[in-house]
>>> print(open('my_file.cif').read())   # mmCIF, C-alpha atoms
data_work
loop_
_atom_site.label_atom_id
_atom_site.label_comp_id
_atom_site.auth_asym_id
_atom_site.auth_seq_id
_atom_site.Cartn_x
_atom_site.Cartn_y
_atom_site.Cartn_z
CA MET A 165 58.32 -2.32 -21.39
CA GLU A 166 57.04 0.24 -18.91
CA GLU A 167 56.83 2.90 -21.64
CA ARG A 168 54.81 0.52 -23.78
CA SER A 169 52.28 -0.16 -21.00
CA HIS A 170 51.89 3.59 -20.46
CA LYS A 171 51.11 4.03 -24.16
CA VAL A 172 48.47 1.27 -24.00
CA LEU A 173 46.88 2.86 -20.91
CA LEU A 174 46.88 6.27 -22.57
CA ALA A 175 45.27 4.80 -25.68
CA LEU A 176 42.49 3.21 -23.57
CA VAL A 177 41.81 6.50 -21.77
CA MET A 178 41.65 8.36 -25.07
CA LEU A 179 39.27 5.72 -26.47
CA PHE A 180 36.99 6.04 -23.43
CA LEU A 181 36.92 9.84 -23.69
CA PHE A 182 36.14 9.60 -27.40
CA ALA A 183 33.25 7.21 -26.67
CA VAL A 184 31.84 9.59 -24.03
CA ILE A 185 31.99 12.52 -26.48
CA VAL A 186 30.25 10.50 -29.20
CA LEU A 187 27.54 9.38 -26.75
CA GLN A 188 26.95 12.95 -25.62
CA TYR A 189 26.51 14.00 -29.22
CA VAL A 190 24.33 11.08 -30.31
CA CYS A 191 22.22 10.99 -27.13
CA PRO A 192 22.57 14.32 -25.29
CA GLY A 193 19.81 13.52 -22.80
CA THR A 194 20.30 11.55 -19.63
CA GLU A 195 17.83 8.83 -20.54
CA CYS A 196 20.16 6.81 -22.80
CA GLN A 197 23.00 6.95 -20.34
CA LEU A 198 20.81 6.03 -17.36
CA LEU A 199 19.39 3.07 -19.23
CA ARG A 200 22.92 1.75 -19.83
CA LEU A 201 24.02 2.40 -16.25
CA ARG A 202 20.98 0.57 -14.90
CA ALA A 203 21.62 -2.35 -17.20
CA LEU A 204 25.22 -2.61 -15.97
CA SER A 205 24.29 -2.30 -12.30
CA PRO A 206 23.78 -5.68 -10.55
CA ALA A 207 21.91 -4.03 -7.69
CA ALA A 208 19.33 -2.60 -10.07
CA ALA A 209 18.70 -6.00 -11.58
CA ALA A 210 17.56 -7.41 -8.24
CA ASP A 211 13.92 -6.99 -7.26
CA PRO A 212 13.90 -4.84 -4.08
CA TYR A 213 10.53 -6.29 -3.06
CA ARG A 214 11.31 -9.98 -3.45
CA ALA A 215 13.29 -10.75 -0.29
CA GLU A 216 11.45 -8.53 2.22
CA ASP A 217 8.86 -11.13 3.12
CA GLU A 218 8.00 -14.79 2.75
CA THR A 219 6.37 -14.60 -0.67
CA PRO A 220 6.79 -17.87 -2.56
CA ALA A 221 9.10 -17.64 -5.56
CA ARG A 222 6.19 -18.58 -7.82
CA PHE A 223 2.89 -17.23 -6.58
CA VAL A 224 -0.05 -19.32 -7.82
CA PRO A 225 -3.36 -17.38 -7.69
CA ARG A 226 -6.39 -19.15 -6.22
CA PHE A 227 -9.11 -16.61 -6.99
CA ASN A 228 -10.23 -15.16 -10.31
CA PHE A 229 -10.21 -11.37 -10.40
CA THR A 230 -10.90 -9.06 -13.31
CA ALA A 231 -8.39 -6.51 -14.60
CA GLY A 232 -10.57 -3.86 -12.99
CA ASP A 233 -10.18 -5.57 -9.61
CA LEU A 234 -6.41 -5.70 -9.98
CA LEU A 235 -5.64 -2.28 -11.44
CA ARG A 236 -5.77 0.29 -8.66
CA ARG A 237 -4.95 3.82 -9.75
CA VAL A 238 -7.19 6.55 -8.38
CA ASP A 239 -7.17 10.15 -9.52
CA PHE A 240 -6.69 11.52 -6.03
CA ASN A 241 -6.90 15.32 -6.11
CA ILE A 242 -5.26 16.57 -2.94
CA LYS A 243 -5.88 20.18 -4.01
CA GLY A 244 -9.58 19.53 -4.56
CA ASP A 245 -12.12 17.90 -2.24
CA ASP A 246 -11.02 14.23 -2.30
CA LEU A 247 -10.47 12.55 1.05
CA ILE A 248 -8.47 9.47 2.10
CA VAL A 249 -10.20 7.65 4.97
CA PHE A 250 -8.09 5.20 6.99
CA LEU A 251 -10.06 2.37 8.61
CA HIS A 252 -7.77 1.36 11.48
CA ILE A 253 -8.32 -2.21 12.71
CA GLN A 254 -6.74 -2.97 16.07
CA LYS A 255 -3.32 -4.71 16.17
CA THR A 256 -2.78 -4.85 12.41
CA GLY A 257 0.17 -2.46 12.32
CA GLY A 258 -2.19 0.41 11.63
CA THR A 259 -0.40 2.76 14.03
CA THR A 260 2.85 2.39 12.09
CA PHE A 261 1.08 2.85 8.76
CA GLY A 262 -0.87 5.82 10.11
CA ARG A 263 2.39 7.53 11.08
CA HIS A 264 3.73 6.92 7.56
CA LEU A 265 0.71 8.78 6.18
CA VAL A 266 1.35 11.93 8.22
CA ARG A 267 5.15 11.92 8.51
CA ASN A 268 6.61 10.04 5.55
CA ILE A 269 4.88 11.20 2.34
CA GLN A 270 6.45 13.64 -0.11
CA LEU A 271 3.95 16.49 -0.31
CA GLU A 272 3.89 20.03 -1.65
CA GLN A 273 2.58 20.98 1.78
CA PRO A 274 3.70 18.33 4.32
CA CYS A 275 1.64 17.55 7.40
CA GLU A 276 2.60 19.70 10.37
CA CYS A 277 3.50 17.43 13.29
CA ARG A 278 4.51 19.04 16.59
CA ALA A 279 6.53 17.31 19.28
CA GLY A 280 4.42 15.90 22.09
CA GLN A 281 1.19 15.96 20.07
CA LYS A 282 -0.34 12.82 18.57
CA LYS A 283 -2.34 14.61 15.88
CA CYS A 284 -0.79 16.34 12.88
CA THR A 285 -2.30 19.05 10.71
CA CYS A 286 -2.62 17.74 7.14
CA HIS A 287 -3.99 20.62 5.10
CA ARG A 288 -4.40 20.76 1.35
CA PRO A 289 -2.05 23.16 -0.46
CA GLY A 290 -3.47 26.66 -0.08
CA LYS A 291 -6.46 25.50 2.02
CA ARG A 292 -7.21 25.08 5.71
CA GLU A 293 -8.92 21.74 5.09
CA THR A 294 -7.64 18.19 5.62
CA TRP A 295 -7.08 15.63 2.86
CA LEU A 296 -6.71 12.74 5.35
CA PHE A 297 -9.24 11.31 7.80
CA SER A 298 -7.28 9.21 10.29
CA ARG A 299 -6.32 8.84 13.91
CA PHE A 300 -3.19 10.99 13.49
CA SER A 301 -4.87 13.76 11.50
CA THR A 302 -8.49 14.17 12.62
CA GLY A 303 -8.39 11.95 15.72
CA TRP A 304 -11.15 9.44 16.49
CA SER A 305 -13.83 11.76 15.10
CA CYS A 306 -16.22 8.86 14.37
CA GLY A 307 -15.41 6.91 17.51
CA LEU A 308 -12.46 4.86 18.72
CA HIS A 309 -11.43 2.40 15.98
CA ALA A 310 -14.60 3.06 14.00
CA ASP A 311 -15.49 0.26 11.59
CA TRP A 312 -16.80 0.29 8.00
CA THR A 313 -20.42 0.64 9.12
CA GLU A 314 -19.60 3.63 11.33
CA LEU A 315 -17.17 5.41 9.00
CA THR A 316 -19.30 5.27 5.86
CA ASN A 317 -22.21 6.79 7.76
CA CYS A 318 -20.20 9.23 9.86
CA VAL A 319 -17.32 10.66 7.80
CA PRO A 320 -19.35 12.70 5.24
CA SER A 321 -21.36 14.45 7.94
CA VAL A 322 -18.30 15.10 10.16
CA VAL A 323 -16.20 16.56 7.35
CA ASP A 324 -18.94 18.88 6.13
CA SER A 325 -20.80 19.43 9.40
CA LYS A 326 -20.25 23.20 9.35
CA LYS A 327 -21.52 23.64 5.80
CA GLU A 328 -25.07 23.90 4.57
CA VAL A 329 -26.22 20.86 2.61
CA ARG A 330 -26.45 22.83 -0.64
CA LEU A 331 -22.87 24.12 -0.16
CA ARG A 332 -21.29 20.75 0.54
CA PRO A 333 -18.86 19.69 -2.22
CA SER A 334 -19.20 16.45 -4.13
CA ARG A 335 -16.30 14.47 -2.66
CA ASN A 336 -14.57 11.23 -3.50
CA PHE A 337 -13.99 9.20 -0.33
CA TYR A 338 -11.07 6.78 -0.76
CA TYR A 339 -11.16 4.14 1.97
CA ILE A 340 -7.96 2.31 2.91
CA THR A 341 -7.01 -0.23 5.57
CA ILE A 342 -4.36 -2.71 6.74
CA LEU A 343 -4.96 -6.41 7.47
CA ARG A 344 -2.86 -8.93 9.38
CA ASP A 345 -2.51 -12.68 9.74
CA PRO A 346 -5.47 -13.54 12.05
CA VAL A 347 -3.55 -15.69 14.55
CA SER A 348 -0.80 -13.11 14.99
CA ARG A 349 -3.35 -10.31 15.26
CA TYR A 350 -5.39 -12.24 17.84
CA LEU A 351 -2.35 -12.96 20.02
CA SER A 352 -1.26 -9.34 19.76
CA GLU A 353 -4.70 -8.16 20.89
CA TRP A 354 -4.63 -10.58 23.82
CA ARG A 355 -1.24 -9.23 24.94
CA HIS A 356 -2.55 -5.68 24.59
CA VAL A 357 -5.67 -6.43 26.64
CA GLN A 358 -3.53 -8.27 29.18
CA ARG A 359 -1.61 -5.00 29.70
CA GLY A 360 -4.87 -3.11 30.43
CA ALA A 361 -6.25 -1.98 27.06
CA THR A 362 -10.05 -2.02 26.81
CA TRP A 363 -11.25 0.16 23.89
CA LYS A 364 -14.34 0.80 26.04
CA ALA A 365 -14.72 4.17 24.32
CA SER A 366 -15.59 2.44 21.03
CA LEU A 367 -19.17 3.32 20.05
CA HIS A 368 -20.06 0.40 17.72
CA VAL A 369 -22.80 2.56 16.22
CA CYS A 370 -25.01 0.71 13.72
CA ASP A 371 -28.35 1.83 12.31
CA GLY A 372 -28.14 4.98 14.41
CA ARG A 373 -27.47 3.46 17.84
CA SER A 374 -24.89 1.64 19.95
CA PRO A 375 -25.62 -1.98 21.01
CA THR A 376 -27.25 -2.72 24.33
CA THR A 377 -25.41 -4.65 27.06
CA GLU A 378 -27.63 -7.64 26.24
CA GLU A 379 -26.57 -7.49 22.58
CA LEU A 380 -22.90 -6.97 23.41
CA PRO A 381 -22.03 -8.29 26.90
CA SER A 382 -18.63 -7.62 28.45
CA CYS A 383 -16.01 -10.31 29.02
CA TYR A 384 -14.97 -8.83 32.39
CA THR A 385 -16.55 -7.08 35.36
CA GLY A 386 -13.81 -4.70 36.52
CA ASP A 387 -12.32 -1.62 34.92
CA ASP A 388 -10.27 -3.72 32.53
CA TRP A 389 -9.19 -7.28 31.77
CA SER A 390 -5.52 -6.86 32.65
CA GLY A 391 -3.70 -10.03 33.57
CA CYS A 392 -6.16 -12.33 31.78
CA SER A 393 -4.71 -15.61 30.56
CA LEU A 394 -4.89 -16.69 26.93
CA GLN A 395 -7.31 -19.43 27.96
CA GLU A 396 -9.66 -16.88 29.56
CA PHE A 397 -9.36 -14.67 26.50
CA MET A 398 -10.34 -17.53 24.20
CA ASP A 399 -13.17 -18.77 26.45
CA CYS A 400 -15.24 -15.55 26.37
CA PRO A 401 -17.98 -16.04 23.74
CA TYR A 402 -18.57 -12.27 23.45
CA ASN A 403 -14.93 -11.40 22.77
CA LEU A 404 -14.80 -8.85 19.95
CA ALA A 405 -11.30 -10.05 19.12
CA ASN A 406 -12.90 -13.08 17.44
CA ASN A 407 -13.21 -12.43 13.68
CA ARG A 408 -12.56 -8.75 14.31
CA GLN A 409 -11.33 -8.03 10.79
CA VAL A 410 -14.45 -9.41 9.10
CA ARG A 411 -16.78 -7.60 11.49
CA MET A 412 -14.98 -4.27 11.05
CA LEU A 413 -15.00 -4.50 7.25
CA ALA A 414 -18.55 -5.76 6.77
CA ASP A 415 -21.75 -3.74 6.56
CA LEU A 416 -23.29 -4.74 9.90
CA SER A 417 -26.69 -3.31 9.00
CA LEU A 418 -27.10 -6.29 6.63
CA VAL A 419 -27.27 -8.68 9.60
CA GLY A 420 -29.22 -6.58 12.08
CA CYS A 421 -26.10 -5.07 13.65
CA TYR A 422 -25.33 -6.75 17.00
CA ASN A 423 -28.73 -8.42 17.35
CA LEU A 424 -27.89 -12.11 16.88
CA SER A 425 -31.56 -13.15 16.77
CA VAL A 426 -32.24 -11.53 13.38
CA MET A 427 -31.01 -14.53 11.36
CA PRO A 428 -29.46 -17.97 11.87
CA GLU A 429 -25.75 -17.95 12.77
CA GLU A 430 -24.64 -19.73 9.60
CA GLN A 431 -26.49 -17.25 7.39
CA ARG A 432 -25.16 -14.32 9.42
CA ASN A 433 -21.57 -15.53 9.04
CA LYS A 434 -21.93 -15.90 5.28
CA VAL A 435 -23.44 -12.43 4.86
CA LEU A 436 -20.70 -10.88 7.01
CA LEU A 437 -17.89 -12.62 5.14
CA ASP A 438 -19.30 -11.82 1.69
CA SER A 439 -19.82 -8.19 2.68
CA ALA A 440 -16.27 -7.88 4.10
CA LYS A 441 -14.75 -9.38 0.94
CA GLU A 442 -16.73 -7.09 -1.33
CA ASN A 443 -15.94 -3.95 0.68
CA LEU A 444 -12.26 -4.87 0.82
CA LYS A 445 -12.11 -5.46 -2.93
CA ARG A 446 -13.82 -2.14 -3.66
CA MET A 447 -11.58 -0.13 -1.33
CA ALA A 448 -9.11 2.18 -3.03
CA PHE A 449 -6.27 0.39 -1.26
CA PHE A 450 -5.45 -2.15 1.41
CA GLY A 451 -2.11 -3.42 2.64
CA LEU A 452 -0.89 -6.43 4.61
CA THR A 453 1.30 -6.20 7.70
CA GLU A 454 3.34 -9.19 6.51
CA PHE A 455 4.29 -7.40 3.25
CA GLN A 456 5.54 -3.94 4.19
CA ARG A 457 7.49 -3.05 1.03
CA LYS A 458 4.76 -4.37 -1.27
CA THR A 459 2.22 -2.38 0.77
CA GLN A 460 4.31 0.75 0.23
CA TYR A 461 4.66 0.01 -3.50
CA LEU A 462 0.92 -0.52 -4.06
CA PHE A 463 -0.04 2.60 -2.11
CA GLU A 464 2.40 4.71 -4.12
CA LYS A 465 1.13 3.32 -7.43
CA THR A 466 -2.53 3.66 -6.39
CA PHE A 467 -2.41 7.29 -5.25
CA ASN A 468 0.63 8.52 -7.21
CA MET A 469 2.16 9.65 -3.90
CA ASN A 470 5.66 8.64 -2.82
CA PHE A 471 7.01 7.92 0.63
CA ILE A 472 10.29 9.49 1.71
CA SER A 473 11.75 6.48 3.52
CA PRO A 474 11.10 2.80 2.71
CA PHE A 475 8.87 0.74 4.98
CA THR A 476 10.58 -1.72 7.31
CA GLN A 477 9.53 -5.33 7.72
CA TYR A 478 9.44 -6.19 11.44
CA ASN A 479 9.29 -9.95 11.91
CA SER A 480 9.83 -9.75 15.67
CA THR A 481 6.70 -8.56 17.50
CA ARG A 482 5.02 -9.21 20.85
CA ALA A 483 2.76 -11.72 19.12
CA SER A 484 5.69 -13.57 17.57
CA SER A 485 7.28 -13.94 21.01
CA VAL A 486 4.24 -15.91 22.27
CA GLU A 487 4.85 -19.63 22.02
CA ILE A 488 1.70 -21.70 21.59
CA ASP A 489 1.20 -25.40 20.94
CA GLU A 490 -0.58 -26.83 17.93
CA GLN A 491 -3.84 -27.32 19.82
CA THR A 492 -3.95 -23.65 20.86
CA GLN A 493 -3.10 -22.61 17.31
CA GLN A 494 -6.05 -24.63 16.00
CA ARG A 495 -8.34 -23.18 18.66
CA ILE A 496 -7.43 -19.61 17.68
CA GLU A 497 -7.94 -20.43 14.00
CA ALA A 498 -11.35 -21.92 14.81
CA LEU A 499 -12.37 -18.82 16.80
CA ASN A 500 -11.29 -16.68 13.85
CA PHE A 501 -12.47 -18.91 11.01
CA LEU A 502 -14.08 -15.99 9.17
CA ASP A 503 -10.93 -13.88 9.49
CA MET A 504 -8.87 -16.85 8.26
CA GLU A 505 -10.96 -17.07 5.10
CA LEU A 506 -10.94 -13.29 4.60
CA TYR A 507 -7.16 -13.15 5.00
CA ASP A 508 -6.62 -15.92 2.43
CA TYR A 509 -8.80 -13.96 0.02
CA ALA A 510 -7.07 -10.65 0.83
CA LYS A 511 -3.57 -12.12 0.49
CA ASP A 512 -4.42 -13.62 -2.90
CA LEU A 513 -5.90 -10.34 -4.15
CA PHE A 514 -3.00 -8.33 -2.71
CA LEU A 515 -0.31 -10.45 -4.37
CA GLN A 516 -2.20 -10.56 -7.66
CA ARG A 517 -2.44 -6.76 -7.59
CA TYR A 518 1.25 -6.48 -6.86
CA GLN A 519 2.11 -8.91 -9.65
CA TYR A 520 -0.21 -7.12 -12.09
CA MET A 521 1.18 -3.67 -11.28
CA ARG A 522 4.78 -4.88 -11.60
CA GLN A 523 4.01 -6.40 -14.99
CA LYS A 524 2.47 -3.11 -16.10
CA GLU A 525 5.55 -1.29 -14.85
CA HIS A 526 7.91 -3.65 -16.72
CA GLN A 527 5.84 -3.30 -19.90
CA GLU A 528 6.04 0.49 -19.66
CA ALA A 529 9.80 0.35 -19.05
CA ARG A 530 10.20 -1.97 -22.06
CA ARG A 531 8.18 0.41 -24.23
CA LYS A 532 10.37 3.34 -23.17
CA ARG A 533 13.54 1.37 -23.91
CA GLN A 534 12.23 0.52 -27.37
CA GLU A 535 11.47 4.19 -28.00
CA GLN A 536 14.98 5.15 -26.86
CA ARG A 537 16.54 2.55 -29.17
CA LYS A 538 14.40 3.82 -32.04
CA ILE A 539 15.52 7.41 -31.42
CA LEU A 540 19.14 6.28 -31.08
CA ARG A 541 19.03 4.34 -34.37
CA ALA A 542 17.46 7.33 -36.13
CA LYS A 543 20.22 9.63 -34.84
CA GLN A 544 22.93 7.15 -35.86
CA ALA A 545 21.41 6.84 -39.35
CA HIS A 546 21.28 10.64 -39.60
CA LEU A 547 24.95 10.88 -38.61
CA ARG A 548 25.93 8.27 -41.17
CA GLU A 549 23.96 10.11 -43.84
CA GLN A 550 25.66 13.38 -42.91
CA GLY A 551 29.06 11.65 -43.08
CA GLU A 552 28.36 10.19 -46.50
CA ASN A 553 27.10 13.55 -47.82
CA SER A 554 30.19 15.26 -46.45
CA SER A 555 32.51 12.72 -48.14
CA SER A 556 30.71 13.15 -51.47
CA SER A 557 30.95 16.94 -51.23
CA ASP A 558 34.69 16.77 -50.46
CA TYR A 559 35.29 14.44 -53.41
CA LEU A 560 33.36 16.64 -55.86
CA GLY A 561 35.21 19.70 -54.59
CA ASN A 562 38.54 18.05 -55.18
CA VAL A 563 37.49 17.01 -58.71
CA GLU A 564 36.64 20.62 -59.50
CA ARG A 565 40.06 21.79 -58.26
CA TRP A 566 41.88 19.09 -60.28
CA ARG A 567 40.28 20.40 -63.48
#
>>> encode(input="my_file.cif", output="structure tokens")
Amino acid sequence: MEERSHKVLLALVMLFLFAVIVLQYVCPGTECQLLRLRALSPAAAADPYRAEDETPARFVPRFNFTAGDLLRRVDFNIKGDDLIVFLHIQKTGGTTFGRHLVRNIQLEQPCECRAGQKKCTCHRPGKRETWLFSRFSTGWSCGLHADWTELTNCVPSVVDSKKEVRLRPSRNFYYITILRDPVSRYLSEWRHVQRGATWKASLHVCDGRSPTTEELPSCYTGDDWSGCSLQEFMDCPYNLANNRQVRMLADLSLVGCYNLSVMPEEQRNKVLLDSAKENLKRMAFFGLTEFQRKTQYLFEKTFNMNFISPFTQYNSTRASSVEIDEQTQQRIEALNFLDMELYDYAKDLFLQRYQYMRQKEHQEARRKRQEQRKILRAKQAHLREQGENSSSSDYLGNVERWR
């Protein structure tokens, strides 16, 4: 009985080895084998992006976007003159994302980051010129947490300040940013201010000048606002935390900058929101703090640049540890009503882009599989034809010998 089982086992091993040899002959490349291994692997069948956040199983779009709005693939030439500009909005997870840009991207010439220094040197291959304009590469060259209005007017002149106008290259400026749920962002900013942060060094330059103290009064009289309660934070009518994301993404020159007397409040709010939406949609890329892996995926597909390590979704933050009642929640939402509307728009566009890019990726994978099957069938048909020709030749040879 034992001898019989050994014979069966030996026969199975021989059959497996024969199959491997045939496969190597029929499909010598790795593509066919990898396709089969992926198909057999249960881990590969699972979507690595599905469980990392709270995305509904079936996402139902609310806004109508064109294919051009959804497809984001830019021809970023890191060896040329193209520049990625990171618009860093406070308390959106921008610090974490900014570090990914300088420390976590696979590059021919990686950024040089030295211990103890906040800034890294991100030079183009073979050039002493940066490809990234951000806090961790060029510093706050256009002012602390410069907004859309400041960056679009400042970056070109800063980058090419040492060159004559006629010698300045024609660059592509690819603007990117990160957004966050407005309530969580607001609470995070309050906790940050409570610990002594002020951002007093921010310039808020618009139409060539910073706002006057009458246009932009302060919420506190001392050096900082440390120790302020949430109620005090919400009660200040000049608090820049209110609708910060809309203000930082909009073109402020359209509403007279910080001069609130230029137009009625309702008209001003509409212009700001429409401008922020349009600028966001036209940006090369934006991500959402609540969707880390999807943010990574879309950046990689947009710029054809890959990160070394996957992004991590942190659901426990200082903002999440703050317990507020329903009334306070509604008050914060009311103070940030423009940000709430912008975030709904951004989230819808973001998830539609992700869905669209994944569909494109699946279609491309399906096309490659079909091509592989076509090649495999052609090789199998060729082998069969060779076998039949060989059999016919052997038979005719034998007939000749029999004569």
>>> atom_distance(input="my_file.cif", atom1="atom CA of A:Leu343", atom2="atom CA of A:Asp388")
25.8 Å
>>> resolve_selection(input="my_file.cif", expression="the PyMOL selection byres ((chain A and resi 438-455) around 7)", output="JSON list (two decimals) with C-alpha atoms, in the coordinates of the input")
[["chain", "number", "residue", "atom", "x", "y", "z"],
["A", 217, "ASP", "CA", 8.86, -11.13, 3.12],
["A", 233, "ASP", "CA", -10.18, -5.57, -9.61],
["A", 236, "ARG", "CA", -5.77, 0.29, -8.66],
["A", 256, "THR", "CA", -2.78, -4.85, 12.41],
["A", 257, "GLY", "CA", 0.17, -2.46, 12.32],
["A", 338, "TYR", "CA", -11.07, 6.78, -0.76],
["A", 339, "TYR", "CA", -11.16, 4.14, 1.97],
["A", 340, "ILE", "CA", -7.96, 2.31, 2.91],
["A", 341, "THR", "CA", -7.01, -0.23, 5.57],
["A", 342, "ILE", "CA", -4.36, -2.71, 6.74],
["A", 343, "LEU", "CA", -4.96, -6.41, 7.47],
["A", 344, "ARG", "CA", -2.86, -8.93, 9.38],
["A", 410, "VAL", "CA", -14.45, -9.41, 9.10],
["A", 413, "LEU", "CA", -15.00, -4.50, 7.25],
["A", 414, "ALA", "CA", -18.55, -5.76, 6.77],
["A", 415, "ASP", "CA", -21.75, -3.74, 6.56],
["A", 434, "LYS", "CA", -21.93, -15.90, 5.28],
["A", 435, "VAL", "CA", -23.44, -12.43, 4.86],
["A", 436, "LEU", "CA", -20.70, -10.88, 7.01],
["A", 437, "LEU", "CA", -17.89, -12.62, 5.14],
["A", 456, "GLN", "CA", 5.54, -3.94, 4.19],
["A", 457, "ARG", "CA", 7.49, -3.05, 1.03],
["A", 458, "LYS", "CA", 4.76, -4.37, -1.27],
["A", 459, "THR", "CA", 2.22, -2.38, 0.77],
["A", 463, "PHE", "CA", -0.04, 2.60, -2.11],
["A", 506, "LEU", "CA", -10.94, -13.29, 4.60]]
>>> atom_distance(input="my_file.cif", atom1="atom CA of A:Glu378", atom2="atom CA of A:Tyr422")
9.6 Å
>>> residues_around(input="my_file.cif", residues="A:Gly262", least_positions_apart="4", cutoff="10 Å", atoms="only C-alpha atoms", output="number ranges by chain")
A: 250-252, 257-258, 266-268, 298-301, 341-342
>>> atom_distance(input="my_file.cif", atom1="atom CA of A:Cys421", atom2="atom CA of A:Ser374")
9.3 Å
>>> closest_residue(input="my_file.cif", among="A:Leu179, A:Leu174, A:Asn336, A:Tyr350", to="A:Gln254", atoms="all atoms listed in the file")
A:Tyr350
>>> closest_residue(input="my_file.cif", among="A:Arg335, A:Asp387, A:Lys543, A:Asn406", to="A:Glu353", atoms="only C-alpha atoms")
A:Asn406
>>> resolve_selection(input="my_file.cif", expression="the PyMOL selection byres ((chain A and resi 397) around 12)", output="number ranges by chain")
A: 350-358, 382-384, 389-396, 398-406, 492, 495-496, 499
>>> closest_residue(input="my_file.cif", among="A:Thr476, A:Gln491, A:Gln431, A:Gln519", to="A:Leu462", atoms="only C-alpha atoms")
A:Gln519
>>> resolve_selection(input="my_file.cif", expression="the PyMOL selection byres ((chain A and resi 502) around 8)", output="compact mmCIF listing (two decimals) with C-alpha atoms, in the coordinates of the input")
# COMPACT_ATOMS: atom_id res chain seq x y z
CA ASN A 407 -13.21 -12.43 13.68
CA VAL A 410 -14.45 -9.41 9.10
CA ASN A 433 -21.57 -15.53 9.04
CA LEU A 437 -17.89 -12.62 5.14
CA ASN A 500 -11.29 -16.68 13.85
CA PHE A 501 -12.47 -18.91 11.01
CA ASP A 503 -10.93 -13.88 9.49
CA MET A 504 -8.87 -16.85 8.26
CA GLU A 505 -10.96 -17.07 5.10
CA LEU A 506 -10.94 -13.29 4.60
>>> residues_around(input="my_file.cif", residues="stretch 522-532 of chain A", least_positions_apart="4", cutoff="10 Å", atoms="all atoms listed in the file", output="PyMOL selection string")
chain A and resi 195+199+235+461-462+465+516-518+536-538
>>> residues_near_point(input="my_file.cif", point="(6.8, 12.0, -1.0)", cutoff="7 Å", atoms="only C-alpha atoms", output="PyMOL selection string")
chain A and resi 268-271+469-472
>>> residues_around(input="my_file.cif", residues="A:Lys291", least_positions_apart="3", cutoff="10 Å", atoms="all atoms listed in the file", output="list in words")
Lys243, Gly244, His287, Arg288, Thr294 and Trp295 of chain A
>>> closest_residue(input="my_file.cif", among="A:Leu515, A:Val319, A:Leu265, A:Val224", to="A:Glu464", atoms="only C-alpha atoms")
A:Leu265
>>> residues_around(input="my_file.cif", residues="A:Ser305", least_positions_apart="5", cutoff="12 Å", atoms="all atoms listed in the file", output="list in words")
Val249, Phe250, Lys283, Phe297, Ser298, Arg299, Phe300, Ala310, Glu314, Leu315, Cys318, Val319, Pro320, Ser321, Val322, Val323, Ser325, Ala365, Ser366 and Leu367 of chain A
>>> closest_residue(input="my_file.cif", among="A:Glu429, A:Asp345, A:Asp324, A:Asp311", to="A:Lys255", atoms="all atoms listed in the file")
A:Asp345
>>> closest_residue(input="my_file.cif", among="A:Leu380, A:Val419, A:Leu234, A:Met427", to="A:Thr313", atoms="all atoms listed in the file")
A:Val419
>>> build_atoms(input="my_file.cif", residues="stretch 340-347 of chain A", atoms="N, CA, C and O atoms", output="CSV table (one decimal), in the frame of the given file")
chain,number,residue,atom,x,y,z
A,340,ILE,N,-9.1,3.2,2.9
A,340,ILE,CA,-8.0,2.3,2.9
A,340,ILE,C,-7.9,1.6,4.3
A,340,ILE,O,-8.5,2.1,5.3
A,341,THR,N,-7.2,0.5,4.3
A,341,THR,CA,-7.0,-0.2,5.6
A,341,THR,C,-5.8,-1.1,5.5
A,341,THR,O,-5.2,-1.3,4.4
A,342,ILE,N,-5.5,-1.7,6.6
A,342,ILE,CA,-4.4,-2.7,6.7
A,342,ILE,C,-4.9,-4.0,7.4
A,342,ILE,O,-5.6,-3.9,8.4
A,343,LEU,N,-4.6,-5.1,6.9
A,343,LEU,CA,-5.0,-6.4,7.5
A,343,LEU,C,-3.7,-7.1,8.0
A,343,LEU,O,-2.6,-6.8,7.6
A,344,ARG,N,-4.0,-8.2,8.8
A,344,ARG,CA,-2.9,-8.9,9.4
A,344,ARG,C,-3.3,-10.4,9.5
A,344,ARG,O,-4.5,-10.7,9.6
A,345,ASP,N,-2.3,-11.3,9.5
A,345,ASP,CA,-2.5,-12.7,9.7
A,345,ASP,C,-3.4,-12.8,11.0
A,345,ASP,O,-3.0,-12.3,12.1
A,346,PRO,N,-4.5,-13.5,10.9
A,346,PRO,CA,-5.5,-13.5,12.0
A,346,PRO,C,-4.9,-14.1,13.4
A,346,PRO,O,-5.2,-13.6,14.4
A,347,VAL,N,-4.1,-15.1,13.3
A,347,VAL,CA,-3.6,-15.7,14.6
A,347,VAL,C,-2.6,-14.7,15.2
A,347,VAL,O,-2.7,-14.4,16.4
